file target-v4.txt (compact mmCIF, C-alpha atoms and all ligand atoms)
# COMPACT_ATOMS: atom_id res chain seq x y z
CA MET I 1 0.00 0.00 0.00
CA LYS I 2 1.28 3.49 -0.86
CA ILE I 3 0.33 6.54 1.19
CA VAL I 4 1.24 9.98 -0.17
CA VAL I 5 1.44 12.65 2.52
CA ASP I 6 2.21 16.35 2.74
CA GLU I 7 5.70 16.56 4.25
CA ASN I 8 4.35 19.03 6.81
CA ILE I 9 2.08 16.49 8.46
CA PRO I 10 3.98 15.81 11.66
CA PHE I 11 4.57 12.23 12.77
CA ALA I 12 3.06 10.85 9.55
CA GLN I 13 6.02 8.57 8.91
CA GLN I 14 6.05 7.18 12.47
CA ILE I 15 2.31 6.56 12.55
CA LEU I 16 1.62 5.40 8.99
CA SER I 17 4.65 3.33 7.97
CA GLN I 18 3.21 0.25 9.73
CA HIS I 19 0.67 0.13 6.88
CA GLY I 20 2.98 0.51 3.88
CA GLU I 21 5.21 2.91 1.97
CA VAL I 22 4.85 6.54 3.04
CA VAL I 23 5.90 9.13 0.45
CA ALA I 24 6.23 12.66 1.82
CA LEU I 25 5.98 15.52 -0.69
CA ASP I 26 5.79 19.30 -0.76
CA GLY I 27 2.05 20.02 -0.51
CA ARG I 28 2.14 23.04 -2.82
CA THR I 29 3.88 21.27 -5.71
CA MET I 30 2.19 17.86 -5.46
CA GLN I 31 1.08 16.66 -8.90
CA SER I 32 -1.17 14.05 -10.47
CA ALA I 33 1.79 11.78 -11.40
CA HIS I 34 2.66 11.47 -7.71
CA LEU I 35 -0.71 9.82 -7.11
CA ARG I 36 -0.55 7.29 -9.97
CA ASP I 37 -0.15 4.25 -7.71
CA ALA I 38 -1.24 5.80 -4.40
CA ASP I 39 -3.92 4.17 -2.24
CA ALA I 40 -4.30 7.03 0.20
CA LEU I 41 -3.52 10.74 0.19
CA LEU I 42 -3.13 12.92 3.27
CA VAL I 43 -2.92 16.67 2.66
CA ARG I 44 -2.89 20.01 4.47
CA SER I 45 -4.69 23.18 3.41
CA VAL I 46 -2.22 24.15 0.66
CA THR I 47 -3.00 21.29 -1.74
CA PRO I 48 -6.04 21.80 -3.97
CA VAL I 49 -7.59 18.35 -4.24
CA ASN I 50 -9.36 18.68 -7.59
CA ALA I 51 -9.89 16.95 -10.95
CA GLN I 52 -6.41 17.92 -12.11
CA LEU I 53 -4.62 16.45 -9.09
CA LEU I 54 -6.68 13.27 -9.20
CA SER I 55 -6.51 12.75 -12.97
CA GLU I 56 -4.00 9.86 -12.75
CA ALA I 57 -5.04 8.47 -9.36
CA LYS I 58 -6.54 5.20 -10.48
CA GLN I 59 -6.36 3.27 -7.20
CA LEU I 60 -6.88 6.07 -4.68
CA LYS I 61 -9.39 5.02 -2.04
CA PHE I 62 -8.95 7.64 0.67
CA VAL I 63 -8.22 11.36 0.93
CA GLY I 64 -7.75 12.99 4.32
CA THR I 65 -6.90 16.55 5.25
CA ALA I 66 -5.23 17.03 8.64
CA THR I 67 -6.95 20.41 8.94
CA ILE I 68 -10.22 21.94 10.01
CA GLY I 69 -10.76 23.91 6.80
CA THR I 70 -11.88 21.95 3.74
CA ASP I 71 -12.15 24.70 1.14
CA HIS I 72 -9.19 23.20 -0.78
CA VAL I 73 -10.97 19.87 -1.34
CA ASP I 74 -13.54 19.17 -4.07
CA GLN I 75 -15.69 16.87 -1.96
CA VAL I 76 -18.36 16.49 -4.66
CA LEU I 77 -15.74 15.10 -7.02
CA LEU I 78 -14.43 12.68 -4.37
CA LYS I 79 -17.94 11.40 -3.84
CA GLU I 80 -18.44 10.94 -7.59
CA LEU I 81 -15.17 9.01 -7.76
CA GLY I 82 -16.11 6.84 -4.78
CA ILE I 83 -13.08 8.05 -2.79
CA ASN I 84 -13.56 8.24 0.97
CA PHE I 85 -12.86 11.61 2.54
CA ALA I 86 -12.18 12.85 6.06
CA SER I 87 -11.05 16.11 7.60
CA ALA I 88 -10.05 16.83 11.20
CA PRO I 89 -12.85 18.99 12.65
CA GLY I 90 -11.82 20.80 15.78
CA CYS I 91 -8.25 19.44 15.77
CA ASN I 92 -6.59 22.82 16.30
CA ALA I 93 -9.53 24.76 17.78
CA ILE I 94 -7.80 25.08 21.17
CA ALA I 95 -4.71 26.52 19.48
CA VAL I 96 -6.85 29.13 17.70
CA GLY I 97 -8.62 29.98 20.98
CA GLU I 98 -5.21 30.46 22.62
CA TYR I 99 -3.83 32.50 19.71
CA VAL I 100 -6.78 34.91 19.82
CA THR I 101 -6.76 35.14 23.62
CA THR I 102 -3.02 35.92 23.65
CA ALA I 103 -3.40 38.49 20.86
CA LEU I 104 -6.41 40.11 22.48
CA LEU I 105 -4.66 40.48 25.83
CA ALA I 106 -1.63 41.96 24.04
CA ALA I 107 -3.87 44.46 22.20
CA ALA I 108 -5.63 45.47 25.41
CA ASN I 109 -2.25 45.91 27.08
CA GLU I 110 -1.07 48.10 24.19
CA ARG I 111 -4.15 50.30 24.60
CA GLN I 112 -4.05 50.16 28.40
CA GLN I 113 -7.64 48.92 28.30
CA SER I 114 -9.50 46.51 30.51
CA LEU I 115 -11.33 43.76 28.63
CA GLN I 116 -13.80 43.42 31.49
CA GLY I 117 -17.29 44.24 30.16
CA LYS I 118 -16.10 44.84 26.58
CA SER I 119 -18.14 43.16 23.86
CA ILE I 120 -16.68 40.59 21.50
CA ALA I 121 -18.58 39.47 18.40
CA ILE I 122 -17.59 35.95 17.41
CA VAL I 123 -18.49 35.40 13.77
CA GLY I 124 -18.93 31.64 13.41
CA ALA I 125 -19.82 29.76 16.59
CA GLY I 126 -18.35 26.38 15.65
CA ASN I 127 -15.28 24.70 17.12
CA THR I 128 -12.80 27.59 17.07
CA GLY I 129 -15.47 30.22 17.83
CA SER I 130 -16.67 28.21 20.84
CA GLN I 131 -13.14 27.83 22.20
CA LEU I 132 -12.75 31.59 22.00
CA ALA I 133 -16.19 32.23 23.56
CA LYS I 134 -15.23 30.19 26.61
CA ARG I 135 -12.01 32.14 27.07
CA ALA I 136 -13.57 35.54 26.40
CA LYS I 137 -16.23 34.87 29.08
CA ALA I 138 -13.44 33.99 31.52
CA LEU I 139 -11.92 37.39 30.71
CA GLY I 140 -15.21 39.01 31.74
CA MET I 141 -16.17 39.99 28.21
CA GLN I 142 -19.70 40.16 26.84
CA VAL I 143 -19.81 37.47 24.16
CA LEU I 144 -22.02 38.01 21.10
CA LEU I 145 -22.27 35.01 18.79
CA TYR I 146 -23.14 35.47 15.12
CA ASP I 147 -23.94 32.26 13.28
CA PRO I 148 -27.03 32.36 11.01
CA PRO I 149 -26.52 28.79 9.66
CA LEU I 150 -26.52 27.38 13.20
CA LYS I 151 -29.46 29.62 14.14
CA GLN I 152 -31.42 28.25 11.19
CA GLN I 153 -30.81 24.74 12.54
CA GLY I 154 -32.03 25.84 15.99
CA LEU I 155 -28.51 25.40 17.40
CA CYS I 156 -27.61 29.00 18.17
CA GLU I 157 -30.77 30.81 19.29
CA GLN I 158 -28.78 33.71 20.74
CA SER I 159 -27.15 34.58 17.37
CA VAL I 160 -27.11 38.40 17.17
CA SER I 161 -27.72 40.65 14.14
CA PHE I 162 -24.91 41.62 11.78
CA ALA I 163 -25.38 45.26 12.87
CA GLN I 164 -24.53 44.17 16.43
CA VAL I 165 -21.42 42.44 15.11
CA LEU I 166 -20.27 45.61 13.39
CA SER I 167 -20.62 47.68 16.55
CA ALA I 168 -18.90 45.27 18.97
CA ASP I 169 -15.65 46.36 20.67
CA VAL I 170 -13.87 43.29 19.28
CA ILE I 171 -14.81 41.30 16.17
CA SER I 172 -13.21 37.89 15.69
CA LEU I 173 -13.81 35.80 12.57
CA HIS I 174 -14.23 32.01 12.73
CA VAL I 175 -16.08 30.98 9.59
CA PRO I 176 -15.09 28.69 6.71
CA SER I 177 -14.33 30.25 3.34
CA THR I 178 -17.40 29.75 1.15
CA LYS I 179 -18.55 31.36 -2.07
CA SER I 180 -21.92 29.63 -2.49
CA GLY I 181 -24.89 28.57 -0.39
CA GLU I 182 -27.24 30.71 1.62
CA PHE I 183 -24.54 32.24 3.83
CA PRO I 184 -21.38 32.75 1.78
CA THR I 185 -18.44 34.21 3.68
CA TYR I 186 -16.24 35.38 0.80
CA HIS I 187 -15.68 39.13 1.34
CA MET I 188 -18.19 39.13 4.18
CA PHE I 189 -16.15 42.14 5.28
CA ALA I 190 -15.93 44.23 2.10
CA GLN I 191 -15.71 48.00 1.72
CA GLU I 192 -19.33 48.57 2.82
CA GLN I 193 -18.91 46.68 6.11
CA LEU I 194 -15.36 47.86 6.78
CA GLN I 195 -16.45 51.51 6.40
CA GLN I 196 -18.75 51.02 9.37
CA LEU I 197 -15.90 50.00 11.67
CA LYS I 198 -13.98 52.41 13.89
CA PRO I 199 -10.32 52.70 14.97
CA SER I 200 -11.36 52.09 18.58
CA GLN I 201 -12.43 48.54 17.67
CA ILE I 202 -10.27 45.42 17.28
CA LEU I 203 -10.67 43.18 14.23
CA ILE I 204 -9.21 39.67 14.31
CA ASN I 205 -9.03 37.26 11.41
CA ALA I 206 -7.75 33.76 12.18
CA CYS I 207 -10.02 31.83 9.80
CA ARG I 208 -9.49 32.40 6.06
CA GLY I 209 -7.97 35.46 4.38
CA ASP I 210 -10.67 36.05 1.80
CA VAL I 211 -13.41 36.52 4.40
CA ILE I 212 -12.06 40.10 4.44
CA ASP I 213 -11.50 42.05 1.21
CA ASN I 214 -7.82 42.79 1.89
CA GLN I 215 -7.58 45.68 -0.61
CA ALA I 216 -10.63 47.36 0.94
CA LEU I 217 -9.17 46.87 4.41
CA LEU I 218 -5.88 48.41 3.29
CA LYS I 219 -7.76 51.47 1.95
CA GLN I 220 -9.42 51.96 5.32
CA ALA I 221 -6.13 51.45 7.16
CA GLU I 222 -4.34 53.97 4.93
CA LYS I 223 -6.99 56.54 5.85
CA GLY I 224 -6.38 55.75 9.52
CA LEU I 225 -9.93 54.45 9.83
CA SER I 226 -9.46 50.75 10.40
CA PRO I 227 -9.76 48.97 13.74
CA LEU I 228 -6.63 47.64 15.42
CA LEU I 229 -5.79 44.64 13.25
CA ILE I 230 -4.76 41.15 14.30
CA LEU I 231 -4.31 39.15 11.12
CA ASP I 232 -3.18 35.53 10.87
CA VAL I 233 -4.67 34.80 7.44
CA TRP I 234 -4.39 36.68 4.17
CA GLU I 235 -6.19 36.84 0.87
CA GLY I 236 -4.06 35.14 -1.80
CA GLU I 237 -1.66 33.27 0.52
CA PRO I 238 1.21 32.61 0.25
CA VAL I 239 1.37 36.02 -1.46
CA VAL I 240 0.46 38.70 1.04
CA LEU I 241 -0.38 42.40 0.67
CA LYS I 242 2.76 43.82 2.31
CA GLU I 243 1.22 47.23 2.99
CA LEU I 244 -1.53 45.56 4.99
CA VAL I 245 1.06 43.78 7.14
CA ASP I 246 2.57 47.19 7.89
CA HIS I 247 -0.79 48.37 9.23
CA ALA I 248 -1.43 45.32 11.42
CA PHE I 249 -0.78 45.35 15.16
CA ILE I 250 -0.11 41.60 15.01
CA ALA I 251 0.63 39.85 11.71
CA THR I 252 1.40 36.12 11.47
CA PRO I 253 1.67 33.58 8.61
CA HIS I 254 -1.45 31.42 9.12
CA ILE I 255 -0.17 29.69 12.22
CA ALA I 256 -3.00 30.35 14.70
CA GLY I 257 -3.77 26.63 14.76
CA TYR I 258 -0.14 25.47 14.84
CA SER I 259 0.19 24.06 18.34
CA LEU I 260 2.04 20.75 18.47
CA GLU I 261 -0.98 19.14 20.14
CA GLY I 262 -3.30 20.54 17.44
CA LYS I 263 -1.15 19.19 14.63
CA MET I 264 -0.89 15.85 16.36
CA ARG I 265 -4.68 15.67 16.78
CA GLY I 266 -5.06 16.43 13.05
CA THR I 267 -2.71 13.60 12.05
CA SER I 268 -4.35 11.24 14.46
CA MET I 269 -7.90 12.02 13.33
CA VAL I 270 -7.22 11.45 9.63
CA TYR I 271 -5.21 8.33 10.41
CA GLN I 272 -8.15 6.91 12.34
CA ALA I 273 -10.53 7.77 9.48
CA MET I 274 -8.15 6.18 6.98
CA CYS I 275 -8.04 2.95 8.98
CA GLN I 276 -11.80 2.89 9.14
CA ALA I 277 -12.24 3.55 5.42
CA LEU I 278 -9.60 1.06 4.32
CA ASN I 279 -10.34 -1.54 6.95
CA LEU I 280 -6.89 -1.34 8.51
CA ASP I 281 -5.82 -2.17 12.02
CA TYR I 282 -5.84 1.11 13.98
CA GLN I 283 -2.83 1.46 16.26
CA ASP I 284 -2.26 5.02 17.37
CA ASN I 285 0.83 5.78 19.41
CA SER I 286 0.62 9.53 18.79
CA ASP I 287 0.50 10.50 22.49
CA SER I 288 3.85 8.83 23.12
CA LEU I 289 5.38 10.88 20.30
CA LEU I 290 4.71 14.20 22.06
CA ASN I 291 7.85 15.17 23.96
CA GLN I 292 7.89 16.81 27.39
CA PRO I 293 7.24 20.56 27.27
CA GLU I 294 10.19 22.82 28.13
CA PHE I 295 8.41 24.12 31.23
CA GLN I 296 6.25 21.87 33.30
CA GLN I 297 5.08 23.75 36.39
CA LEU I 298 4.62 27.35 37.47
CA SER I 299 3.17 28.89 40.64
CA LEU I 300 0.88 31.91 40.62
CA ASN I 301 1.09 34.21 43.61
CA GLY I 302 -2.14 35.96 44.51
CA ARG I 303 -5.19 36.51 42.32
CA LEU I 304 -5.20 36.38 38.56
CA ASN I 305 -5.60 39.74 36.83
CA GLN I 306 -5.38 40.95 33.24
CA ALA I 307 -1.76 42.10 33.52
CA LYS I 308 -0.65 38.77 34.97
CA LEU I 309 -2.60 36.84 32.38
CA THR I 310 -1.08 38.89 29.57
CA LYS I 311 2.41 37.96 30.77
CA LEU I 312 1.46 34.34 31.37
CA THR I 313 -0.04 33.81 27.90
CA GLN I 314 3.01 35.36 26.25
CA PHE I 315 5.33 33.26 28.40
CA ILE I 316 3.72 30.10 27.05
CA TYR I 317 3.12 31.43 23.55
CA ASP I 318 5.41 34.21 22.35
CA ILE I 319 3.07 35.66 19.73
CA PHE I 320 5.33 38.66 19.12
CA ALA I 321 8.16 36.30 18.09
CA ASP I 322 5.81 34.94 15.39
CA ASP I 323 4.95 38.51 14.40
CA ARG I 324 8.62 39.57 14.19
CA ARG I 325 9.65 36.54 12.13
CA PHE I 326 6.77 37.18 9.75
CA ARG I 327 7.63 40.85 9.17
CA ARG I 328 11.32 39.98 8.72
CA PHE I 329 11.16 36.80 6.61
CA GLY I 330 7.54 36.07 5.66
CA LEU I 331 7.34 38.53 2.81
CA GLN I 332 10.43 37.24 0.99
CA PRO I 333 9.93 34.77 -1.89
CA GLN I 334 8.85 31.45 -0.34
CA GLY I 335 9.15 33.14 3.06
CA PHE I 336 5.53 32.52 4.04
CA ASP I 337 5.72 28.78 3.41
CA ARG I 338 9.19 28.49 4.90
CA LEU I 339 8.06 30.01 8.20
CA ARG I 340 5.14 27.62 8.34
CA LYS I 341 7.27 24.60 7.47
CA ASN I 342 9.93 25.43 10.07
CA TYR I 343 7.49 26.58 12.73
CA PRO I 344 8.97 26.16 16.22
CA GLN I 345 7.30 23.79 18.62
CA ARG I 346 4.42 25.59 20.28
CA ARG I 347 2.69 23.89 23.18
CA GLU I 348 -0.86 24.48 24.35
CA PHE I 349 -1.56 26.20 27.68
CA SER I 350 -2.54 22.87 29.21
CA SER I 351 1.04 21.61 28.85
CA LEU I 352 2.03 23.83 31.78
CA GLN I 353 0.79 22.92 35.22
CA LEU I 354 -0.24 26.06 37.08
CA VAL I 355 -0.21 25.96 40.85
CA SER I 356 -2.63 28.50 42.26
CA GLN I 357 -4.82 29.06 45.29
CA HIS I 358 -7.36 31.14 43.44
CA ASP I 359 -9.37 31.53 40.24
CA GLN I 360 -9.67 27.82 39.47
CA VAL I 361 -12.79 28.28 37.34
CA ALA I 362 -11.29 31.05 35.18
CA LEU I 363 -7.99 29.18 34.79
CA SER I 364 -9.86 26.10 33.65
CA ALA I 365 -11.94 28.05 31.14
CA LEU I 366 -8.76 29.65 29.80
CA GLY I 367 -7.40 26.17 29.13
CA PHE I 368 -4.80 25.90 31.88
CA ASN I 369 -4.03 22.71 33.67
CA HIS I 370 -4.09 23.89 37.26
CA GLN I 371 -3.50 22.43 40.64
CA GLU I 372 -4.64 23.86 43.93
CA ASN I 373 -1.87 25.21 46.12
CA LYS I 374 -2.31 23.52 49.49
N1 LIG G 401 -5.72 30.26 11.13
C1 LIG G 401 -5.71 28.98 11.40
O1 LIG G 401 -4.68 28.43 11.68
C2 LIG G 401 -7.00 28.22 11.39
C3 LIG G 401 -7.11 27.11 12.24
C4 LIG G 401 -8.30 26.39 12.25
C5 LIG G 401 -9.35 26.76 11.43
N2 LIG G 401 -9.19 27.82 10.58
C6 LIG G 401 -10.32 28.25 9.73
O2 LIG G 401 -11.39 28.62 10.58
C7 LIG G 401 -12.59 28.10 10.06
C8 LIG G 401 -13.53 27.83 11.20
O3 LIG G 401 -13.05 26.75 11.97
P1 LIG G 401 -14.01 25.97 12.97
O4 LIG G 401 -13.26 24.84 13.52
O5 LIG G 401 -14.61 26.92 13.94
O6 LIG G 401 -15.11 25.46 11.98
P2 LIG G 401 -16.56 24.95 12.33
O7 LIG G 401 -17.08 24.29 11.12
O8 LIG G 401 -16.56 24.19 13.61
O9 LIG G 401 -17.37 26.31 12.58
C9 LIG G 401 -17.63 27.25 11.59
C10 LIG G 401 -18.93 27.93 11.93
O10 LIG G 401 -19.11 29.01 11.00
C11 LIG G 401 -20.51 29.09 10.77
N3 LIG G 401 -20.77 29.85 9.55
C12 LIG G 401 -20.70 29.43 8.27
N4 LIG G 401 -21.04 30.45 7.45
C13 LIG G 401 -21.31 31.53 8.22
C14 LIG G 401 -21.70 32.85 7.96
N5 LIG G 401 -21.91 33.30 6.72
N6 LIG G 401 -21.88 33.68 9.01
C15 LIG G 401 -21.67 33.26 10.29
N7 LIG G 401 -21.34 32.00 10.60
C16 LIG G 401 -21.14 31.13 9.56
C17 LIG G 401 -20.96 27.65 10.71
O11 LIG G 401 -22.36 27.51 10.89
C18 LIG G 401 -20.15 27.02 11.83
O12 LIG G 401 -20.84 27.00 13.04
C19 LIG G 401 -12.18 26.82 9.30
O13 LIG G 401 -13.09 26.52 8.30
C20 LIG G 401 -10.82 27.18 8.77
O14 LIG G 401 -11.01 27.74 7.50
C21 LIG G 401 -8.06 28.55 10.58
O1 LIG G 402 -7.93 24.71 8.53
C1 LIG G 402 -7.08 24.53 9.40
O2 LIG G 402 -7.10 23.53 10.13
C2 LIG G 402 -6.01 25.55 9.65
O3 LIG G 402 -6.13 26.63 8.81
C3 LIG G 402 -4.65 24.92 9.61
O4 LIG G 402 -3.85 25.53 10.56
C4 LIG G 402 -4.05 25.00 8.26
O5 LIG G 402 -2.73 24.56 8.29
P1 LIG G 402 -2.02 24.08 6.97
O6 LIG G 402 -2.76 22.90 6.48
O7 LIG G 402 -2.12 25.21 5.98
O8 LIG G 402 -0.64 23.76 7.38
call {"tool": "encode", "arguments": {"input": "target-v4.txt", "output": "structure tokens"}}
result
Amino acid sequence: MKIVVDENIPFAQQILSQHGEVVALDGRTMQSAHLRDADALLVRSVTPVNAQLLSEAKQLKFVGTATIGTDHVDQVLLKELGINFASAPGCNAIAVGEYVTTALLAAANERQQSLQGKSIAIVGAGNTGSQLAKRAKALGMQVLLYDPPLKQQGLCEQSVSFAQVLSADVISLHVPSTKSGEFPTYHMFAQEQLQQLKPSQILINACRGDVIDNQALLKQAEKGLSPLLILDVWEGEPVVLKELVDHAFIATPHIAGYSLEGKMRGTSMVYQAMCQALNLDYQDNSDSLLNQPEFQQLSLNGRLNQAKLTKLTQFIYDIFADDRRFRRFGLQPQGFDRLRKNYPQRREFSSLQLVSQHDQVALSALGFNHQENK
């Protein structure tokens, strides 16, 4: 059996080689000839799985993407061809929740603002949006969910109006990239919507770049009228509008979901689905492949407050290091992909055991693994 994988799927070799030959390739340059005698294909978000890629794949029985997003996969075509498909819903949702929390605390610190009582509109109340909602509530924020598709299904009764989204103190985007259907998200934030936003607001995009019209956002930013920008995703990746980067408070190369645990969950989920689809023996040793984090335990003195939490989140996840590397190297040719490929190990908050006498509920909601100080 031959399994073709994107070379950026961590632990693929260790987990999959028990089932056959594993061929690791650059996801951006993968071609149809590579799939000629492949039985399974595991990709990340940079490989368009379409008629062209599959044109020579005569024995392919399974395609998996070790990602949450599926906009790069022609699922209708896979169904027509009788090829099983699986993605990894929710695999890196915690990482996105932690990225946004860290960025938000950094932005509030920059503005010397308290987040207590501020409103945050979460556009898309699925896996990543829910992880953020939990953390934002723990920060004392007023959470406004906006998710018309879920509301239509009776699953998000409290979904607010789009006008309420536009007037929230913070707007964070967590929708898939879609161009069709009843609720398309492509350019959901175009000139008309962006013109209604104010510099006092914060706009965060950690879902897909084209949910915001990047040219229209740049126009607003150049006029000094855009909100404070936290941008992890960009229209046209890996090519990025450099001028927009210059206007962002935090700019990163689509790594919000790149925790080691999140990547591992992604690999594990598609591996499990592959075993199910191809009737293979499922033997997952992924947990044993995760090494010990650099720091294991930390004690908190006194009550948790915003300043302490800002330092703590940046101690575990140095978001400004990601921002600096991106501004310095990410805009060079191949720089965007290179940063993503060589991304340093980033551990989730839960990898650090926090010893504290107070604030157990908030620490839990923020994703920390805490232990009471006796
Ligand atoms: N930057 C990153 O590293 C990163 C990491 C993970 C996911 N993502 C992106 O974020 C997206 C969301 O991830 P998720 O795990 O929350 O997905 P999800 O499927 O769990 O949730 C998406 C939610 O968006 C809602 N939605 C769809 N169209 C909408 C619209 N027009 N208006 C409002 N809500 C709408 C859906 O009903 C759903 O509840 C993914 O599709 C992926 O593209 C990015
Ligand atoms: O959709 C997802 O899961 C995320 O955007 C994910 O972080 C994408 O990572 P990539 O496949 O581009 O490495």
call {"tool": "residues_near_ligand", "arguments": {"input": "target-v4.txt", "ligand": "ligand LIG 402 (chain G)", "cutoff": "6 Å", "atoms": "only C-alpha atoms and all ligand atoms", "output": "count of residues only"}}
result
9
call {"tool": "residues_around", "arguments": {"input": "target-v4.txt", "residues": "range 357-367 of chain I", "least_positions_apart": "5", "cutoff": "10 Å", "atoms": "all atoms listed in the file", "output": "VMD selection string"}}
result
chain I and resid 94 97 to 98 101 131 to 140 299 to 305 309 313 348 to 351 372 to 374
call {"tool": "closest_residue", "arguments": {"input": "target-v4.txt", "among": "I:Ala121, I:Val175, I:Ala33, I:Leu203", "to": "Ala163 in chain I", "atoms": "all atoms listed in the file"}}
result
I:Ala121
call {"tool": "atom_distance", "arguments": {"input": "target-v4.txt", "atom1": "CA of Gln196 in chain I", "atom2": "atom N5 of ligand LIG 401 (chain G)"}}
result
18.2 Å
call {"tool": "atom_distance", "arguments": {"input": "target-v4.txt", "atom1": "CA of Gly224 in chain I", "atom2": "CA of Lys242 in chain I"}}
result
16.7 Å
call {"tool": "build_atoms", "arguments": {"input": "target-v4.txt", "residues": "range 265-282 of chain I", "atoms": "N, CA and C atoms", "output": "mmCIF file, keeping the file's coordinate frame"}}
result
data_model
loop_
_atom_site.group_PDB
_atom_site.id
_atom_site.type_symbol
_atom_site.label_atom_id
_atom_site.label_comp_id
_atom_site.auth_asym_id
_atom_site.auth_seq_id
_atom_site.Cartn_x
_atom_site.Cartn_y
_atom_site.Cartn_z
ATOM 1 N N ARG I 265 -3.279 16.099 16.840
ATOM 2 C CA ARG I 265 -4.680 15.670 16.780
ATOM 3 C C ARG I 265 -5.126 15.527 15.317
ATOM 4 N N GLY I 266 -4.687 16.471 14.476
ATOM 5 C CA GLY I 266 -5.060 16.430 13.050
ATOM 6 C C GLY I 266 -4.562 15.155 12.401
ATOM 7 N N THR I 267 -3.292 14.817 12.631
ATOM 8 C CA THR I 267 -2.710 13.600 12.050
ATOM 9 C C THR I 267 -3.482 12.376 12.542
ATOM 10 N N SER I 268 -3.707 12.371 13.835
ATOM 11 C CA SER I 268 -4.350 11.240 14.460
ATOM 12 C C SER I 268 -5.784 11.024 13.938
ATOM 13 N N MET I 269 -6.501 12.126 13.783
ATOM 14 C CA MET I 269 -7.900 12.020 13.330
ATOM 15 C C MET I 269 -7.997 11.479 11.903
ATOM 16 N N VAL I 270 -7.125 11.960 11.004
ATOM 17 C CA VAL I 270 -7.220 11.450 9.630
ATOM 18 C C VAL I 270 -6.685 10.024 9.545
ATOM 19 N N TYR I 271 -5.721 9.710 10.389
ATOM 20 C CA TYR I 271 -5.210 8.330 10.410
ATOM 21 C C TYR I 271 -6.328 7.364 10.825
ATOM 22 N N GLN I 272 -7.046 7.758 11.866
ATOM 23 C CA GLN I 272 -8.150 6.910 12.340
ATOM 24 C C GLN I 272 -9.205 6.725 11.235
ATOM 25 N N ALA I 273 -9.523 7.841 10.551
ATOM 26 C CA ALA I 273 -10.530 7.770 9.480
ATOM 27 C C ALA I 273 -10.031 6.897 8.334
ATOM 28 N N MET I 274 -8.728 6.994 8.059
ATOM 29 C CA MET I 274 -8.150 6.180 6.980
ATOM 30 C C MET I 274 -8.262 4.685 7.318
ATOM 31 N N CYS I 275 -7.960 4.359 8.563
ATOM 32 C CA CYS I 275 -8.040 2.950 8.980
ATOM 33 C C CYS I 275 -9.465 2.424 8.842
ATOM 34 N N GLN I 276 -10.401 3.293 9.220
ATOM 35 C CA GLN I 276 -11.800 2.890 9.140
ATOM 36 C C GLN I 276 -12.214 2.662 7.679
ATOM 37 N N ALA I 277 -11.834 3.626 6.827
ATOM 38 C CA ALA I 277 -12.240 3.550 5.420
ATOM 39 C C ALA I 277 -11.591 2.391 4.698
ATOM 40 N N LEU I 278 -10.329 2.078 5.047
ATOM 41 C CA LEU I 278 -9.600 1.060 4.320
ATOM 42 C C LEU I 278 -9.526 -0.268 5.072
ATOM 43 N N ASN I 279 -10.296 -0.310 6.157
ATOM 44 C CA ASN I 279 -10.340 -1.540 6.950
ATOM 45 C C ASN I 279 -8.961 -1.984 7.446
ATOM 46 N N LEU I 280 -8.235 -1.049 8.005
ATOM 47 C CA LEU I 280 -6.890 -1.340 8.510
ATOM 48 C C LEU I 280 -6.919 -1.415 10.023
ATOM 49 N N ASP I 281 -5.966 -2.092 10.571
ATOM 50 C CA ASP I 281 -5.820 -2.170 12.020
ATOM 51 C C ASP I 281 -5.392 -0.802 12.549
ATOM 52 N N TYR I 282 -6.155 -0.238 13.483
ATOM 53 C CA TYR I 282 -5.840 1.110 13.980
ATOM 54 C C TYR I 282 -4.964 1.007 15.222
#
